[in-house]
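Q: Attaching a single structure in structure tokens format; questions to follow.
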Amino acid sequence: MSGARKSPGARRLPRLGGLRLRLVVAFVLVAAFASLVTAALTYREARAGLLQRSQDRIVGDLRTLVDTTAPSIPFPPDQAALDATAQSIDKQVGTGGSIVIVVYRGLRGESGLRMDDIDIPASLRASVDNRTATVFQRFSHKGEVWLGVGVPITFATPENPSPSGVQVYLLAPMRAEAQDEAALVKAARAGAIPAVLFALIPAFLAAGGVLRPVRAIQHATRRLARGHLDTRLKVQGTSELADLARDFNHSAAALEQNVTQLRTMEARARGFAADVSHELRTPLAAMAAVTDLLDEDAAAGNVDEDTAAALRLISGETGKLTRLVDDLMEISRFDAGAAALHLDEFDMAEAVRRCLATRGWQDTVGLEVPPGIRIEADPRRLDVVLANLVQNALRHGAPPVGIRVDSEHRADGAWVLLRVHDRGPGIAADRLDRVFERFYKADVARTRSEGSGLGMAITRENVLLHGGRIHAANRPDGGAEFTVELPQHPHHAPRDPA
């Protein structure tokens, strides 16, 4: 990959939908909910306390003034007495903007000049009519909270106090209390908002504490995926994350052990195949020489027909065995990393025609190879790639078999595309990705074939060695097509076995 690498300690912004952001949001929401609930409860209690204290003070003051003033009221009172009583009580009650009303039967004395705007609530008047005790209630008028207090004046007889018919009412606006309430709301809001903002600090700290081990597990998992099987986590504490780290370490250790065992077994198997192939080459060379001589005798008619048929069978099987040993030796060189490129620049059209002519396929394969497409590659390995693909098409496909060569200029350089196609039944869709595996048979009905089963695997290895790509597909009009992409001027480097 290109680009600057981030240092392990680099801080990252929370991703939208990431765990860090969700933890911070959850923490802030909890803090905000707690702050709002606390502010609401505090406001409710403080408001109730403010109203209760003010209400008790006004009710107490009015009862005291009524008790003081009642003896001086003539009975039965006239209009002048009611007005004088109302004005006297209003001067002494000490509540700004209040109205005092004194009622006796059909007469009514009052203080203040706003009786056209506000009057005694009917429910308060009914309660005073039916009781001999002080009655009060809060009510709303034009968006303001008012307190109404009614005090009936009774004749002072200890055995059976009876109402005199005179009733004193006080209507007091609670503007001061409303201002105190507004200040209380403002104070609660001013306290709640900073509390929520300050909650971000412990929220980020808590999220970082939770995500630090999670991020460590993430980095360790990525290192493990890149092949660093010795990756382990530092286990701290006894939390669930510590248990997860222990499980990761146990899994990584088991994986490392299994992979090491598999690599050892694979290396032994490859070494065994290479050793066997090497040991078989000498006796096979002698067998091939002998079978060639016997084939000459059979061709000359020096042996009977049955013996000649047996000799042809032995010669054919010896040739197959020789090709199998050669392919095993070739694939062993790829496995050992000993395969090397010997680059040369040549014309693709000439290389394709030479490959077909060498094998006698020039009359059975159609060509779409324009001249002038030059490539820098290993001629021998490219010849193996082309021969294996054409032989596979001739053996398992159906005519006509065709070869097409194109060149493309891409952002990553100039590429040569080599396509080999046929008109056969094609390859099953679930087997397209496996045709390059060793000894894999795309046609399960074929139990035995003339090939070694390594031809397509060797083809793939040669393509990868050039830094190219190869893939198989089915043509829309029928048949299979293999596409090889090779860089025109490869920068050769050791190929990654993965």
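Each chain in the structure tokens gets a letter, A, B, ..., in the order shown, and its residues are numbered from 1; ligands are numbered from 1 in order too.
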For A:Ala339, work out the shell of residues within 12 Å, counting only C-alpha atoms and skipping chain neighbours fewer than 3 positions away, then give it as a short mmCIF file (atom, residue, chain, number, x, y, z; two decimals) with C-alpha atoms, in the first residue's frame.

A:
```
data_model
loop_
_atom_site.label_atom_id
_atom_site.label_comp_id
_atom_site.auth_asym_id
_atom_site.auth_seq_id
_atom_site.Cartn_x
_atom_site.Cartn_y
_atom_site.Cartn_z
CA MET A 329 9.96 -31.17 -10.73
CA GLU A 330 8.69 -27.87 -12.17
CA ILE A 331 6.05 -27.35 -9.47
CA SER A 332 8.63 -28.24 -6.81
CA ARG A 333 10.85 -25.42 -8.06
CA PHE A 334 7.94 -22.99 -7.67
CA ASP A 335 7.27 -24.26 -4.15
CA ALA A 336 10.94 -23.88 -3.21
CA HIS A 342 15.05 -15.00 -17.94
CA ASP A 378 10.55 -15.27 -20.34
CA ARG A 381 7.70 -19.88 -19.62
CA ILE A 458 2.03 -24.63 -13.58
CA GLU A 461 2.55 -20.12 -11.33
CA ASN A 462 4.30 -18.93 -14.52
CA LEU A 464 2.19 -14.98 -11.32
CA LEU A 465 5.96 -15.16 -11.66
CA HIS A 466 5.69 -12.48 -14.37
CA ALA A 493 10.45 -9.14 -7.71
CA PRO A 494 10.11 -12.26 -5.56
CA ARG A 495 6.46 -13.35 -5.77
#
```

Q: Going by DSSP on the backbone, which bits of stretch 311-363 of chain A are alpha helix (DSSP H)? Write them as a PyMOL selection string, please.

A: chain A and resi 311-335+348-359

Q: Interatomic distance between atom CA of A:Gly148 and atom CA of A:Gln79?

A: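 That distance, rounded to one decimal, is 22.4 Å.
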
Q: Could you check which of A:Trp415, A:Phe436, A:Phe136, A:Phe155 is closest to A:Ala70, using only C-alpha atoms?

A: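 Using only C-alpha atoms, A:Ala70 sits closest to A:Phe155.
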
Q: Near stretch 238-248 of chain A, within 10 Å and counting only C-alpha atoms, which residues show up once chain neighbours fewer than 4 positions away are dropped, as a ChimeraX atom specification?

A: /A:210-211,213-214,216-217,220-221,231-234,252-254

Q: Can you list, as a list in words, every protein, DNA or RNA residue that comes within 9 Å of A:Val365 when you count only C-alpha atoms, leaving out same-chain residues fewer than 4 positions away?

A: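 Once the nearby chain positions are removed, what remains is Leu356, Trp361, Val390, Leu394, Pro399, Pro400, Val401, Gly402 and Ile403 of chain A.
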
Q: In Å, rounded to a single decimal, give me how far atom CA of A:Ser140 is from atom CA of A:Ile89.

A: 23.4 Å

Q: Using only C-alpha atoms, which residue out of A:Arg215, A:Ala387, A:Glu256, A:Glu345 lies closest to A:Leu229?

A: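 Using only C-alpha atoms, A:Leu229 sits closest to A:Glu256.
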
Q: Hey, what does DSSP flag as strand (DSSP E) within stretch 252-446 of chain A? Can you give it to me as a PyMOL selection string?

A: chain A and resi 344-347+365-368+374-377+401-410+413-421

Q: Name all residues at most 10 Å from A:Met456 (count only C-alpha atoms; drop same-chain ones fewer than 2 positions away) and give them as a PyMOL selection string.

A: chain A and resi 385+388-389+392+435-440+452-454+458-462

Q: Produce a file of the selected residues containing C-alpha atoms, as a PDB file, in the first residue's frame.

A:
```
ATOM      1  CA  VAL A 385       1.575 -20.996 -20.583  1.00  0.00           C
ATOM      2  CA  ASN A 388      -0.976 -25.631 -21.668  1.00  0.00           C
ATOM      3  CA  LEU A 389      -3.988 -23.388 -22.374  1.00  0.00           C
ATOM      4  CA  ASN A 392      -6.495 -27.863 -22.392  1.00  0.00           C
ATOM      5  CA  VAL A 435      -9.472 -25.077 -12.274  1.00  0.00           C
ATOM      6  CA  PHE A 436      -5.971 -23.887 -11.324  1.00  0.00           C
ATOM      7  CA  GLU A 437      -5.706 -26.180  -8.303  1.00  0.00           C
ATOM      8  CA  ARG A 438      -3.258 -29.062  -8.459  1.00  0.00           C
ATOM      9  CA  PHE A 439      -4.727 -32.385  -9.607  1.00  0.00           C
ATOM     10  CA  TYR A 440      -8.219 -30.842  -9.748  1.00  0.00           C
ATOM     11  CA  SER A 452      -0.526 -34.878 -15.170  1.00  0.00           C
ATOM     12  CA  GLY A 453      -3.175 -32.738 -13.470  1.00  0.00           C
ATOM     13  CA  LEU A 454      -0.546 -30.043 -12.888  1.00  0.00           C
ATOM     14  CA  ILE A 458       2.029 -24.626 -13.579  1.00  0.00           C
ATOM     15  CA  THR A 459       0.391 -22.161 -15.969  1.00  0.00           C
ATOM     16  CA  ARG A 460      -0.839 -20.060 -13.074  1.00  0.00           C
ATOM     17  CA  GLU A 461       2.552 -20.119 -11.334  1.00  0.00           C
ATOM     18  CA  ASN A 462       4.298 -18.930 -14.515  1.00  0.00           C
TER      19      ASN A 462
END
```

Q: Between A:Arg175, A:Pro76, A:Val66, A:Asp119, which residue has the minimum interatomic distance to A:Ile153, considering only C-alpha atoms?

A: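 Of A:Arg175, A:Pro76, A:Val66, A:Asp119, the one nearest A:Ile153, counting only C-alpha atoms, is A:Val66.
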
Q: Which residues come within 10 Å of A:Thr483, counting only C-alpha atoms, excluding same-chain residues fewer than 5 positions away, as a PyMOL selection string?

A: chain A and resi 389+404-405+417-421+469-473

Q: Pick out the residues sitting within 9 Å of A:Thr291, and hand them over as a list in words; count only C-alpha atoms, and ignore anything fewer than 2 positions along from it in its own chain.

A: Ala286, Met287, Ala288, Ala289, Leu293, Leu294, Asp295, Glu296, Leu311, Arg312, Ile314, Ser315 and Thr318 of chain A
